[in-house]
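See below for final_2.cif, which holds mmCIF, C-alpha atoms and all ligand atoms.
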```cif
data_data
loop_
_atom_site.label_atom_id
_atom_site.label_comp_id
_atom_site.auth_asym_id
_atom_site.auth_seq_id
_atom_site.Cartn_x
_atom_site.Cartn_y
_atom_site.Cartn_z
CA MET A 1106 2.13 110.35 46.60
CA GLY A 1107 3.05 110.98 42.93
CA PRO A 1108 4.79 107.66 42.15
CA VAL A 1109 2.28 105.74 44.31
CA SER A 1110 -0.67 107.22 42.41
CA ILE A 1111 1.06 106.37 39.10
CA PHE A 1112 1.51 102.81 40.33
CA GLY A 1113 -2.19 102.71 41.36
CA TYR A 1114 -3.11 104.01 37.90
CA PHE A 1115 -1.06 101.21 36.32
CA VAL A 1116 -2.75 98.57 38.51
CA LEU A 1117 -6.17 99.91 37.51
CA GLY A 1118 -5.14 99.92 33.83
CA THR A 1119 -3.90 96.33 34.10
CA ILE A 1120 -7.13 95.11 35.70
CA ALA A 1121 -9.19 96.85 32.97
CA ASN A 1122 -6.98 95.38 30.24
CA LYS A 1123 -7.10 91.93 31.74
CA SER A 1124 -10.91 91.95 31.63
CA LEU A 1125 -10.80 93.12 27.98
CA MET A 1126 -8.19 90.48 27.00
CA GLY A 1127 -10.03 87.42 28.42
CA PRO A 1128 -12.74 87.17 25.71
CA ILE A 1129 -10.17 87.87 22.97
CA VAL A 1130 -8.15 84.76 23.84
CA SER A 1131 -11.15 82.42 23.59
CA THR A 1132 -12.40 84.07 20.36
CA LEU A 1133 -8.97 83.87 18.76
CA PHE A 1134 -8.83 80.19 19.69
CA LEU A 1135 -12.22 79.65 18.02
CA GLN A 1136 -11.13 81.61 14.95
CA GLU A 1137 -8.07 79.38 14.52
CA LYS A 1138 -10.25 76.28 14.78
CA LEU A 1139 -12.78 77.57 12.24
CA GLU A 1140 -9.97 78.54 9.86
CA GLY A 1141 -8.66 74.98 10.08
CA ASP A 1142 -12.15 73.56 9.40
CA PHE A 1143 -12.61 75.85 6.42
CA ARG A 1144 -9.26 74.86 4.87
CA PHE A 1145 -10.06 71.20 5.51
CA LYS A 1146 -13.35 71.57 3.63
CA HIS A 1147 -11.48 73.12 0.68
CA MET A 1148 -9.04 70.24 0.68
CA GLN A 1149 -11.90 67.71 0.83
CA ILE A 1150 -13.52 69.26 -2.25
CA ARG A 1151 -10.23 69.30 -4.14
CA VAL A 1152 -9.58 65.63 -3.37
CA ASN A 1153 -13.13 64.45 -4.06
CA ALA A 1154 -14.01 66.83 -6.91
CA GLU A 1155 -14.83 64.06 -9.37
CA SER A 1156 -17.08 62.09 -6.99
CA ALA A 1157 -18.93 65.27 -6.04
CA ALA A 1158 -19.34 66.12 -9.73
CA PHE A 1159 -20.96 62.73 -10.38
CA TYR A 1160 -23.52 63.61 -7.70
CA ARG A 1161 -23.96 67.06 -9.32
CA ALA A 1162 -23.23 68.31 -5.81
CA GLY A 1163 -21.80 71.71 -6.78
CA LYS A 1164 -24.60 73.70 -5.17
CA VAL A 1165 -24.75 71.75 -1.94
CA GLU A 1166 -20.97 71.80 -1.56
CA TYR A 1167 -20.98 75.55 -2.26
CA MET A 1168 -23.66 76.03 0.41
CA ARG A 1169 -21.77 73.95 2.97
CA THR A 1170 -18.42 75.61 2.26
CA ASP A 1171 -20.07 79.01 2.42
CA ARG A 1172 -21.61 78.09 5.77
CA ARG A 1173 -18.15 77.41 7.15
CA LEU A 1174 -16.83 80.64 5.65
CA GLN A 1175 -19.68 82.63 7.21
CA ALA A 1176 -19.05 81.03 10.62
CA LEU A 1177 -15.39 82.01 10.28
CA LEU A 1178 -16.20 85.57 9.18
CA GLN A 1179 -18.66 86.01 12.02
CA THR A 1180 -16.04 84.93 14.55
CA GLN A 1181 -13.52 87.27 12.93
CA ARG A 1182 -16.02 90.12 13.28
CA HIS A 1183 -16.54 89.28 16.97
CA LEU A 1184 -12.78 89.19 17.41
CA MET A 1185 -12.35 92.60 15.78
CA ASN A 1186 -15.09 94.10 17.97
CA LYS A 1187 -13.40 92.78 21.08
CA GLU A 1188 -9.97 93.92 19.91
CA PHE A 1189 -11.44 97.37 19.22
CA TRP A 1190 -12.29 97.82 22.91
CA LEU A 1191 -8.87 96.57 23.93
CA TYR A 1192 -7.20 99.10 21.59
CA ILE A 1193 -9.43 101.85 23.04
CA GLY A 1194 -8.42 100.78 26.57
CA VAL A 1195 -4.71 100.70 25.75
CA ASN A 1196 -4.72 104.07 23.95
CA THR A 1197 -6.83 105.72 26.68
CA PHE A 1198 -4.31 104.49 29.23
CA ASP A 1199 -1.44 105.98 27.18
CA TYR A 1200 -3.33 109.25 26.66
CA LEU A 1201 -4.40 109.79 30.27
CA GLY A 1202 -0.89 108.80 31.39
CA GLY A 1203 0.43 111.76 29.37
CA PHE A 1204 -1.14 114.35 31.65
CA LEU A 1205 -1.14 112.35 34.88
CA SER A 1206 2.32 113.78 35.65
CA TYR A 1207 0.90 117.33 35.54
CA MET A 1208 -2.01 116.36 37.80
CA VAL A 1209 0.47 114.88 40.27
CA ILE A 1210 2.34 118.20 40.60
CA ALA A 1211 -0.76 120.41 40.18
CA ILE A 1212 -2.40 119.18 43.39
CA PRO A 1213 0.37 120.36 45.82
CA ILE A 1214 0.91 123.56 43.83
CA PHE A 1215 -2.76 124.59 43.99
CA MET A 1216 -2.97 123.48 47.63
CA GLY A 1217 -0.23 126.02 48.35
CA VAL A 1218 2.53 123.59 49.36
CA TYR A 1219 5.06 125.39 47.09
CA ASP A 1220 3.84 128.96 47.61
CA GLY A 1221 7.27 129.99 48.90
CA LEU A 1222 9.07 129.14 45.62
CA SER A 1223 9.98 131.74 43.00
CA PRO A 1224 8.50 131.24 39.47
CA GLY A 1225 11.89 130.04 38.19
CA GLU A 1226 12.25 127.47 41.00
CA LEU A 1227 8.63 126.36 40.51
CA SER A 1228 9.09 125.75 36.79
CA GLY A 1229 12.31 123.83 37.55
CA LEU A 1230 10.39 121.68 40.05
CA ILE A 1231 7.57 121.04 37.51
CA SER A 1232 9.99 119.96 34.78
CA LYS A 1233 11.99 117.74 37.17
CA ASN A 1234 8.76 116.11 38.39
CA ALA A 1235 7.47 115.74 34.81
CA PHE A 1236 10.70 113.99 33.76
CA VAL A 1237 10.49 111.41 36.57
CA CYS A 1238 6.72 110.84 36.25
CA ILE A 1239 6.66 110.66 32.45
CA TYR A 1240 9.54 108.20 32.49
CA LEU A 1241 7.69 106.00 34.99
CA ILE A 1242 4.38 106.27 33.13
CA ASN A 1243 6.12 105.50 29.84
CA CYS A 1244 7.55 102.28 31.27
CA PHE A 1245 4.11 101.20 32.48
CA SER A 1246 2.50 102.22 29.16
CA GLN A 1247 4.92 99.99 27.29
CA LEU A 1248 3.85 97.09 29.47
CA ILE A 1249 0.17 97.82 28.88
CA ASP A 1250 0.78 98.21 25.12
CA LEU A 1251 1.97 94.61 25.11
CA SER A 1252 -1.51 93.39 26.04
CA THR A 1253 -2.72 93.24 22.40
CA THR A 1254 0.27 91.07 21.47
CA VAL A 1255 -0.09 89.00 24.65
CA SER A 1256 -3.76 88.26 23.95
CA ASP A 1257 -2.84 87.04 20.42
CA VAL A 1258 -0.03 84.88 21.75
CA ALA A 1259 -2.31 83.50 24.47
CA GLY A 1260 -4.93 82.49 21.86
CA TYR A 1261 -2.38 80.71 19.67
CA THR A 1262 -0.73 79.11 22.69
CA HIS A 1263 -4.09 77.76 23.85
CA ARG A 1264 -4.65 76.10 20.46
CA ILE A 1265 -1.13 74.72 20.17
CA GLY A 1266 -1.25 73.65 23.82
CA GLU A 1267 -4.37 71.59 23.13
CA LEU A 1268 -2.62 69.84 20.23
CA LYS A 1269 0.43 69.19 22.39
CA GLU A 1270 -1.72 67.68 25.15
CA VAL A 1271 -3.24 65.24 22.66
CA MET A 1272 0.20 64.36 21.24
CA ASP A 1273 1.63 63.86 24.74
CA ASP A 1274 -1.31 61.63 25.57
CA ILE A 1275 -0.62 59.48 22.50
CA ILE A 1276 3.09 59.24 23.31
CA ARG A 1277 2.32 58.41 26.96
CA LYS A 1278 -0.01 55.60 25.89
CA GLN A 1279 2.67 54.27 23.54
CA CYS A 1280 5.25 54.37 26.33
CA ASP A 1281 2.84 52.67 28.73
CA TYR A 1282 2.82 49.77 26.31
CA ASP A 1283 5.54 47.41 27.33
CA PRO A 1284 5.34 44.12 25.47
CA ALA A 1285 7.42 42.40 28.10
CA SER A 1286 4.94 43.32 30.83
CA GLY A 1287 2.09 41.25 29.39
CA ASP A 1288 0.72 38.31 31.31
CA SER A 1289 2.00 34.99 30.20
CA TYR A 1290 -0.39 33.59 27.69
CA ASP A 1291 -1.64 30.07 27.47
CA PHE A 1292 -4.11 29.14 24.86
CA ASP A 1293 -4.60 26.05 22.86
CA SER A 1294 -4.40 26.60 19.19
CA ASP A 1295 -4.26 23.77 16.75
CA PHE A 1296 -3.29 26.26 14.15
CA ASN A 1297 0.20 27.01 15.34
CA VAL A 1298 1.78 23.73 14.48
CA HIS A 1299 4.29 25.35 12.13
CA ALA A 1300 5.37 27.90 14.66
CA GLY A 1301 8.64 27.78 16.47
CA PRO A 1302 10.01 30.48 18.72
CA GLY A 1303 10.57 33.76 16.86
CA ASP A 1304 8.52 32.91 13.79
CA THR A 1305 5.29 34.55 14.79
CA ALA A 1306 3.93 37.95 13.80
CA PHE A 1307 1.19 38.54 16.37
CA VAL A 1308 0.23 36.97 19.65
CA LEU A 1309 -3.21 37.72 21.06
CA ASP A 1310 -4.54 36.43 24.34
CA ARG A 1311 -8.12 37.10 25.47
CA LEU A 1312 -8.00 40.38 23.56
CA SER A 1313 -11.19 42.49 23.62
CA TYR A 1314 -11.65 45.72 21.73
CA LYS A 1315 -14.29 48.27 20.76
CA SER A 1316 -14.48 51.39 18.64
CA PRO A 1317 -13.60 54.63 20.48
CA PHE A 1318 -17.14 56.05 20.27
CA SER A 1319 -19.01 52.98 21.38
CA ASP A 1320 -19.34 50.98 24.60
CA GLU A 1321 -20.11 47.70 22.87
CA LEU A 1322 -17.23 45.31 22.40
CA LEU A 1323 -16.59 44.41 18.75
CA VAL A 1324 -14.66 41.28 19.72
CA LYS A 1325 -14.51 39.58 23.12
CA GLU A 1326 -11.52 37.59 24.43
CA LEU A 1327 -9.88 36.71 21.15
CA SER A 1328 -6.91 34.33 21.49
CA LEU A 1329 -4.81 33.73 18.43
CA LYS A 1330 -1.28 33.42 17.18
CA VAL A 1331 -0.29 34.44 13.65
CA SER A 1332 2.63 32.23 12.70
CA GLN A 1333 4.90 32.00 9.73
CA GLY A 1334 3.62 29.65 7.05
CA THR A 1335 0.01 29.63 8.34
CA HIS A 1336 -2.08 31.92 6.18
CA LEU A 1337 -4.95 33.48 8.12
CA LEU A 1338 -8.15 34.86 6.66
CA VAL A 1339 -10.40 37.14 8.73
CA VAL A 1340 -14.01 37.33 7.56
CA GLY A 1341 -17.21 38.80 8.94
CA ASN A 1342 -20.06 41.10 8.08
CA THR A 1343 -19.54 44.81 7.56
CA GLY A 1344 -18.78 46.59 10.81
CA THR A 1345 -17.94 43.45 12.82
CA GLY A 1346 -14.47 44.81 13.53
CA LYS A 1347 -12.10 43.32 10.94
CA THR A 1348 -10.23 46.53 10.16
CA SER A 1349 -10.51 47.49 13.84
CA LEU A 1350 -8.48 44.37 14.66
CA LEU A 1351 -5.66 45.75 12.52
CA ARG A 1352 -6.03 49.16 14.20
CA VAL A 1353 -5.59 47.49 17.58
CA LEU A 1354 -2.66 45.38 16.35
CA ASN A 1355 -1.03 48.54 14.98
CA ARG A 1356 -1.76 50.34 18.27
CA LEU A 1357 -3.83 52.99 16.49
CA TRP A 1358 -6.63 52.02 18.89
CA GLU A 1359 -6.33 50.86 22.48
CA SER A 1360 -7.62 47.42 23.33
CA SER A 1361 -10.20 47.16 26.14
CA SER A 1362 -8.58 44.20 27.83
CA GLY A 1363 -6.33 41.24 27.20
CA TYR A 1364 -2.85 40.86 25.85
CA MET A 1365 -1.51 41.63 22.41
CA GLU A 1366 2.00 41.62 21.05
CA MET A 1367 3.51 42.24 17.64
CA THR A 1368 6.42 39.84 17.78
CA SER A 1369 8.03 40.66 14.43
CA CYS A 1370 9.34 44.05 13.50
CA PHE A 1371 7.47 46.38 11.20
CA GLY A 1372 9.10 46.81 7.79
CA PRO A 1373 10.35 45.07 4.65
CA ARG A 1374 11.89 42.17 6.55
CA GLY A 1375 8.96 41.81 8.97
CA ILE A 1376 5.32 42.84 8.76
CA LEU A 1377 3.76 45.14 6.18
CA PHE A 1378 0.16 46.37 6.06
CA LEU A 1379 -1.76 47.06 2.87
CA PRO A 1380 -4.63 49.30 4.01
CA GLN A 1381 -8.17 49.13 2.67
CA LYS A 1382 -7.74 52.45 0.86
CA PRO A 1383 -4.48 52.26 -1.13
CA TYR A 1384 -2.06 54.96 -0.12
CA LEU A 1385 -0.12 56.59 -2.94
CA THR A 1386 2.57 59.14 -2.31
CA ASP A 1387 3.62 61.99 -4.58
CA GLY A 1388 6.66 61.49 -6.77
CA THR A 1389 7.95 59.18 -9.46
CA LEU A 1390 6.90 55.63 -10.23
CA ARG A 1391 10.03 54.34 -8.50
CA GLU A 1392 9.13 56.29 -5.36
CA GLN A 1393 5.65 54.75 -5.43
CA VAL A 1394 7.04 51.23 -5.63
CA ILE A 1395 9.75 51.56 -2.99
CA TYR A 1396 7.47 53.44 -0.56
CA PRO A 1397 7.86 53.74 2.46
CA LEU A 1398 11.59 53.38 1.85
CA LYS A 1399 13.28 56.68 1.20
CA GLU A 1400 16.09 55.29 -0.88
CA ILE A 1401 16.47 52.46 -3.32
CA TYR A 1402 16.62 49.21 -1.44
CA PRO A 1403 18.94 47.41 -1.79
CA ALA A 1404 21.28 49.99 -3.35
CA SER A 1405 22.14 47.87 -6.33
CA GLY A 1406 21.48 50.18 -9.28
CA PRO A 1407 20.23 48.57 -12.50
CA VAL A 1408 19.50 45.28 -10.75
CA ASP A 1409 16.97 47.14 -8.66
CA ASP A 1410 15.40 48.66 -11.79
CA GLU A 1411 14.94 45.17 -13.18
CA ARG A 1412 13.29 44.02 -9.95
CA ILE A 1413 10.89 46.96 -9.98
CA ILE A 1414 9.94 46.36 -13.61
CA GLU A 1415 9.53 42.65 -12.95
CA PHE A 1416 7.19 43.31 -10.01
CA LEU A 1417 5.20 45.95 -11.88
CA ASP A 1418 4.70 43.32 -14.55
CA LEU A 1419 3.76 40.67 -11.99
CA ALA A 1420 1.17 43.02 -10.48
CA GLY A 1421 -0.20 43.82 -13.96
CA VAL A 1422 0.71 47.51 -14.05
CA ALA A 1423 3.75 47.46 -16.35
CA SER A 1424 1.81 49.86 -18.61
CA LEU A 1425 2.47 52.58 -16.03
CA LEU A 1426 6.08 52.67 -17.20
CA LYS A 1427 4.90 53.90 -20.60
CA ARG A 1428 2.49 56.41 -19.08
CA THR A 1429 5.09 57.94 -16.79
CA GLY A 1430 7.87 57.77 -19.38
CA GLY A 1431 10.18 55.82 -17.08
CA LEU A 1432 10.80 54.92 -13.46
CA ASP A 1433 12.33 58.25 -12.54
CA GLU A 1434 10.30 60.66 -14.68
CA THR A 1435 8.56 63.32 -12.64
CA VAL A 1436 4.83 63.28 -13.28
CA ASP A 1437 2.62 66.34 -12.99
CA TRP A 1438 -0.58 64.50 -12.24
CA ASN A 1439 -2.13 63.49 -8.96
CA TRP A 1440 -1.76 59.70 -8.72
CA TYR A 1441 -5.20 59.37 -7.15
CA ASP A 1442 -6.81 61.07 -10.15
CA ALA A 1443 -4.75 59.26 -12.77
CA LEU A 1444 -5.19 55.66 -11.60
CA THR A 1445 -8.33 53.59 -11.27
CA PRO A 1446 -9.03 51.94 -7.88
CA GLY A 1447 -7.99 48.61 -9.43
CA GLU A 1448 -4.70 50.04 -10.70
CA MET A 1449 -4.03 51.55 -7.28
CA GLN A 1450 -4.53 48.14 -5.69
CA ARG A 1451 -2.23 46.51 -8.26
CA LEU A 1452 0.43 49.17 -7.64
CA SER A 1453 0.14 48.47 -3.90
CA PHE A 1454 0.86 44.81 -4.66
CA ALA A 1455 3.90 45.79 -6.79
CA ARG A 1456 5.10 47.65 -3.68
CA LEU A 1457 4.49 44.58 -1.56
CA PHE A 1458 6.37 42.31 -3.98
CA TYR A 1459 9.29 44.72 -4.03
CA LEU A 1460 9.50 45.01 -0.24
CA GLN A 1461 8.89 41.28 0.25
CA PRO A 1462 7.96 41.26 3.93
CA LYS A 1463 7.75 38.02 5.92
CA TYR A 1464 4.12 38.79 6.77
CA ALA A 1465 1.70 40.68 4.52
CA VAL A 1466 -1.41 42.03 6.21
CA LEU A 1467 -3.95 42.67 3.45
CA ASP A 1468 -7.14 44.56 4.28
CA GLU A 1469 -9.53 43.86 1.40
CA ALA A 1470 -6.57 44.63 -0.82
CA THR A 1471 -8.15 43.06 -3.92
CA SER A 1472 -11.71 44.33 -3.54
CA ALA A 1473 -11.54 46.27 -6.83
CA LEU A 1474 -10.07 43.36 -8.83
CA THR A 1475 -11.51 40.27 -10.46
CA GLU A 1476 -11.28 36.91 -8.71
CA GLU A 1477 -8.82 35.74 -11.35
CA THR A 1478 -6.46 38.68 -10.75
CA GLU A 1479 -6.92 38.22 -7.02
CA GLY A 1480 -5.77 34.61 -7.39
CA GLN A 1481 -2.67 35.62 -9.38
CA LEU A 1482 -1.66 38.22 -6.81
CA TYR A 1483 -2.22 35.94 -3.82
CA ARG A 1484 -0.26 33.13 -5.45
CA ALA A 1485 2.58 35.54 -6.26
CA CYS A 1486 2.71 36.64 -2.61
CA LYS A 1487 2.95 33.04 -1.49
CA GLN A 1488 5.63 32.24 -4.06
CA LEU A 1489 7.66 35.15 -2.72
CA GLY A 1490 7.54 33.50 0.70
CA MET A 1491 5.09 35.79 2.43
CA THR A 1492 2.70 34.63 5.11
CA LEU A 1493 -0.71 36.16 4.47
CA PHE A 1494 -2.98 37.74 7.05
CA SER A 1495 -5.96 38.81 4.94
CA LEU A 1496 -9.25 40.49 5.62
CA GLY A 1497 -12.03 40.06 3.10
CA HIS A 1498 -15.58 39.15 2.24
CA ARG A 1499 -15.11 36.90 -0.80
CA THR A 1500 -15.36 33.15 -0.30
CA SER A 1501 -12.86 32.78 -3.18
CA LEU A 1502 -10.18 33.97 -0.76
CA GLN A 1503 -10.51 30.85 1.37
CA LYS A 1504 -8.48 28.70 -0.97
CA TYR A 1505 -5.33 30.76 -0.36
CA HIS A 1506 -5.51 30.45 3.42
CA ASP A 1507 -5.12 27.74 6.07
CA VAL A 1508 -7.12 29.17 8.94
CA MET A 1509 -10.24 31.33 8.99
CA LEU A 1510 -11.21 33.68 11.80
CA ARG A 1511 -14.87 34.63 11.54
CA LEU A 1512 -16.06 37.67 13.46
CA CYS A 1513 -19.73 37.02 14.15
CA GLY A 1514 -20.72 40.34 15.75
CA GLU A 1515 -21.63 41.14 19.39
CA GLY A 1516 -18.13 40.11 20.40
CA ARG A 1517 -18.40 36.52 19.17
CA TRP A 1518 -15.75 34.88 16.97
CA GLU A 1519 -14.77 31.43 15.73
CA LEU A 1520 -11.65 29.88 14.26
CA THR A 1521 -11.81 27.15 11.62
CA LYS A 1522 -9.24 25.23 9.66
CA LEU A 1523 -9.48 25.51 5.88
CA LYS A 1524 -8.60 23.06 3.18
CA THR A 1525 -6.13 24.85 0.93
CA GLN A 1526 -5.47 23.99 -2.68
N1 LIG B 1 -12.39 56.01 12.92
C1 LIG B 1 -13.43 55.49 13.57
N2 LIG B 1 -13.92 56.05 14.66
C2 LIG B 1 -14.95 55.52 15.34
N3 LIG B 1 -15.57 54.38 14.98
C3 LIG B 1 -15.13 53.76 13.90
C4 LIG B 1 -14.04 54.27 13.12
N4 LIG B 1 -13.83 53.43 12.09
C5 LIG B 1 -14.74 52.46 12.21
N5 LIG B 1 -15.53 52.65 13.28
C6 LIG B 1 -16.64 51.80 13.72
O1 LIG B 1 -16.10 50.60 14.25
C7 LIG B 1 -16.89 49.47 13.85
C8 LIG B 1 -15.97 48.42 13.19
O2 LIG B 1 -15.43 48.99 12.02
P1 LIG B 1 -14.42 48.21 11.09
O3 LIG B 1 -13.78 49.22 10.17
O4 LIG B 1 -13.52 47.38 11.93
O5 LIG B 1 -15.40 47.27 10.27
P2 LIG B 1 -15.05 46.12 9.22
O6 LIG B 1 -15.46 44.82 9.84
O7 LIG B 1 -13.63 46.23 8.76
O8 LIG B 1 -16.06 46.51 8.07
P3 LIG B 1 -15.86 46.49 6.46
O9 LIG B 1 -15.95 45.08 6.05
O10 LIG B 1 -16.98 47.32 5.96
O11 LIG B 1 -14.52 47.12 6.20
C9 LIG B 1 -17.96 50.01 12.91
O12 LIG B 1 -19.17 50.11 13.63
C10 LIG B 1 -17.47 51.37 12.51
O13 LIG B 1 -18.54 52.25 12.30
#
```
Let me see the structure of the file written as C-alpha cells.
Amino acid sequence: MGPVSIFGYFVLGTIANKSLMGPIVSTLFLQEKLEGDFRFKHMQIRVNAESAAFYRAGKVEYMRTDRRLQALLQTQRHLMNKEFWLYIGVNTFDYLGGFLSYMVIAIPIFMGVYDGLSPGELSGLISKNAFVCIYLINCFSQLIDLSTTVSDVAGYTHRIGELKEVMDDIIRKQCDYDPASGDSYDFDSDFNVHAGPGDTAFVLDRLSYKSPFSDELLVKELSLKVSQGTHLLVVGNTGTGKTSLLRVLNRLWESSSGYMEMTSCFGPRGILFLPQKPYLTDGTLREQVIYPLKEIYPASGPVDDERIIEFLDLAGVASLLKRTGGLDETVDWNWYDALTPGEMQRLSFARLFYLQPKYAVLDEATSALTEETEGQLYRACKQLGMTLFSLGHRTSLQKYHDVMLRLCGEGRWELTKLKTQ
C-alpha cells in the first residue's frame, strides 16, 4: 500500500503541475515575441533617427516604444504570477512528500498491525520503511522539480519550432521549383531576334502574379524573354507590380500561375540585381565595392586596386577614397549615415562595374541622380557589355533600351519596341 500510495501521490502531483505549466508555455511564447518586437522597434529608431528627428517625432516615438515596453512588462508580470503558482505547487509537493513516508507507516502502526513488535523492532521497521519511502519520494520529487525548467524549454521550443516551420516551408517551396519541369513555352516575341540558345537571362510564359496579401493579380499572363543584347525597360505607375516582377523572378514571391525560368546563373558572370534601396554592408571601401564577393576577385593584387579606383571614378564617387583614407582603411561610421542617397546609388554602380555581370537588373537604381548622371552610368554599363533590365519611371530612360514593357494595372501589360540612340 505504501509504494502504491506514493505512486498515486506522484500521479496527482504531475496532473496538478501539468495544469499549472500549460498557461506558462503560452505566456513565455508571447513574452519572447514581445521582446523581439521591442528590440526591433529600438533598431528601427536607431536606423531612422535622422528622419524621425526631421519630423520632430521624439515624443510620438517615445510613446510608441513605451507602449511596446509596457506590453512586454505586462506579459512578464503575468508570467511571473503563473510561475509563482507553479513554484508553490512544486515546493508543496516536495514538502508533503517529506512526511508522506511517516503517514504510510503510521496507519498500520495505529491500526495495531505491529502491536506484537518490541519498541526496538518497531523503530527499526520505521527507519527501514522511511529509507525506502523517502528514496522513492525523492526520485519523484526530482522529476516534479523539473517542471519549471520543462515549461521554460517548452515555451522556447514553441517559438523556435514556429520559425523552423516557416523556414522548412520556404525550403520546400524552393525544392518544389524544378526549372526542367515547366511546360514547354511557345510565344511569339519579335524582341528576341538577338537571342540564341543559352544567351537569355529570363524566360516567362503566361506568368501571373499578385502580392501575398491581395487576391488581385498585378500582372496577368505575361510572356517575355530577356535576351543578351536586348535592353529591356519596365515602366508603369506606382504599385503596378514592377518590383514585384523582380521578386517573382528572384523567387522571393511565388507566382500565381504560368512558367518562369532564370536561365543564367546568379552572380558576377551572370545576373546581378541592384535593388531599389541600395544595400551597403559594413566594412572598408573595398568590401563595399566587391560585395557580395568575400574575397578580392580576381585575386590579382594591385591590378585589382586599379580596377576598383577606376570604377569608383567612373561612378563619380572617387572622393570616397579620400574620405575613408584608402581602400582598406576601417571606417567607424555607419555607411548609411555617411553617404547621401545619390552617393549610395553611385557606389552601387561602382559595385556593378566591378562585378561586370552579363545582365544587370536595375530597380530605379538612378532615382536619386540627375538625368545627365543617369545617362553616364547607363552608357558605362553598356560599354562594359552588360545587358540592362531596368525598372523606372523616367521617360529619359527609354533611349538606353530596345524594348519597353509597360505594366498598365489590373493585370494588363504591353510590349513595345523602342528606338535607341
Ligand atoms: N512586402 C510586401 N508585402 C505585401 N505587399 C506588398 C509588398 N511590397 C509591395 N506590396 C504591394 O504589391 C503591389 C506592387 O508593389 P511593387 O513594389 O511591385 O510596385 P512598383 O510597381 O514597383 O511601385 P514603385 O514604382 O512605387 O516602386 C503594391 O500594391 C504594394 O503595396
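Between atom CA of Glu1137 of chain A and atom CA of Arg1264 of chain A the separation is 7.6 Å.
In this comparison, which uses only C-alpha atoms and all ligand atoms, the residue of A:Cys1486, A:Val1324, A:Ala1154, A:Val1408 approaching ligand LIG 1 (chain B) most closely is A:Val1324.
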Within 6 Å of ligand LIG 1 (chain B), which residues show up when you count all atoms listed in the file? List them as a CSV table (one decimal) with C-alpha atoms, in the coordinates of the input, please.
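Below is the file that was written, pocket.csv:
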```csv
chain,number,residue,atom,x,y,z
A,1316,SER,CA,-14.5,51.4,18.6
A,1317,PRO,CA,-13.6,54.6,20.5
A,1318,PHE,CA,-17.1,56.0,20.3
A,1343,THR,CA,-19.5,44.8,7.6
A,1344,GLY,CA,-18.8,46.6,10.8
A,1345,THR,CA,-17.9,43.4,12.8
A,1346,GLY,CA,-14.5,44.8,13.5
A,1347,LYS,CA,-12.1,43.3,10.9
A,1348,THR,CA,-10.2,46.5,10.2
A,1349,SER,CA,-10.5,47.5,13.8
```
Please report the interatomic distance between atom CA of Pro1462 of chain A and atom CA of Leu1377 of chain A in Å with one decimal. 6.1 Å
Up to 12 Å from (-3.4, 103.5, 37.8) in the file's coordinates: name the residues, counting only C-alpha atoms, as a PDB file with C-alpha atoms, keeping the file's coordinate frame.
```
ATOM      1  CA  GLY A1107       3.050 110.980  42.930  1.00  0.00           C
ATOM      2  CA  PRO A1108       4.790 107.660  42.150  1.00  0.00           C
ATOM      3  CA  VAL A1109       2.280 105.740  44.310  1.00  0.00           C
ATOM      4  CA  SER A1110      -0.670 107.220  42.410  1.00  0.00           C
ATOM      5  CA  ILE A1111       1.060 106.370  39.100  1.00  0.00           C
ATOM      6  CA  PHE A1112       1.510 102.810  40.330  1.00  0.00           C
ATOM      7  CA  GLY A1113      -2.190 102.710  41.360  1.00  0.00           C
ATOM      8  CA  TYR A1114      -3.110 104.010  37.900  1.00  0.00           C
ATOM      9  CA  PHE A1115      -1.060 101.210  36.320  1.00  0.00           C
ATOM     10  CA  VAL A1116      -2.750  98.570  38.510  1.00  0.00           C
ATOM     11  CA  LEU A1117      -6.170  99.910  37.510  1.00  0.00           C
ATOM     12  CA  GLY A1118      -5.140  99.920  33.830  1.00  0.00           C
ATOM     13  CA  THR A1119      -3.900  96.330  34.100  1.00  0.00           C
ATOM     14  CA  ILE A1120      -7.130  95.110  35.700  1.00  0.00           C
ATOM     15  CA  ALA A1121      -9.190  96.850  32.970  1.00  0.00           C
ATOM     16  CA  ASN A1122      -6.980  95.380  30.240  1.00  0.00           C
ATOM     17  CA  THR A1197      -6.830 105.720  26.680  1.00  0.00           C
ATOM     18  CA  PHE A1198      -4.310 104.490  29.230  1.00  0.00           C
ATOM     19  CA  ASP A1199      -1.440 105.980  27.180  1.00  0.00           C
ATOM     20  CA  LEU A1201      -4.400 109.790  30.270  1.00  0.00           C
ATOM     21  CA  GLY A1202      -0.890 108.800  31.390  1.00  0.00           C
ATOM     22  CA  LEU A1205      -1.140 112.350  34.880  1.00  0.00           C
ATOM     23  CA  SER A1206       2.320 113.780  35.650  1.00  0.00           C
ATOM     24  CA  LEU A1241       7.690 106.000  34.990  1.00  0.00           C
ATOM     25  CA  ILE A1242       4.380 106.270  33.130  1.00  0.00           C
ATOM     26  CA  PHE A1245       4.110 101.200  32.480  1.00  0.00           C
ATOM     27  CA  SER A1246       2.500 102.220  29.160  1.00  0.00           C
ATOM     28  CA  ILE A1249       0.170  97.820  28.880  1.00  0.00           C
TER      29      ILE A1249
END
```
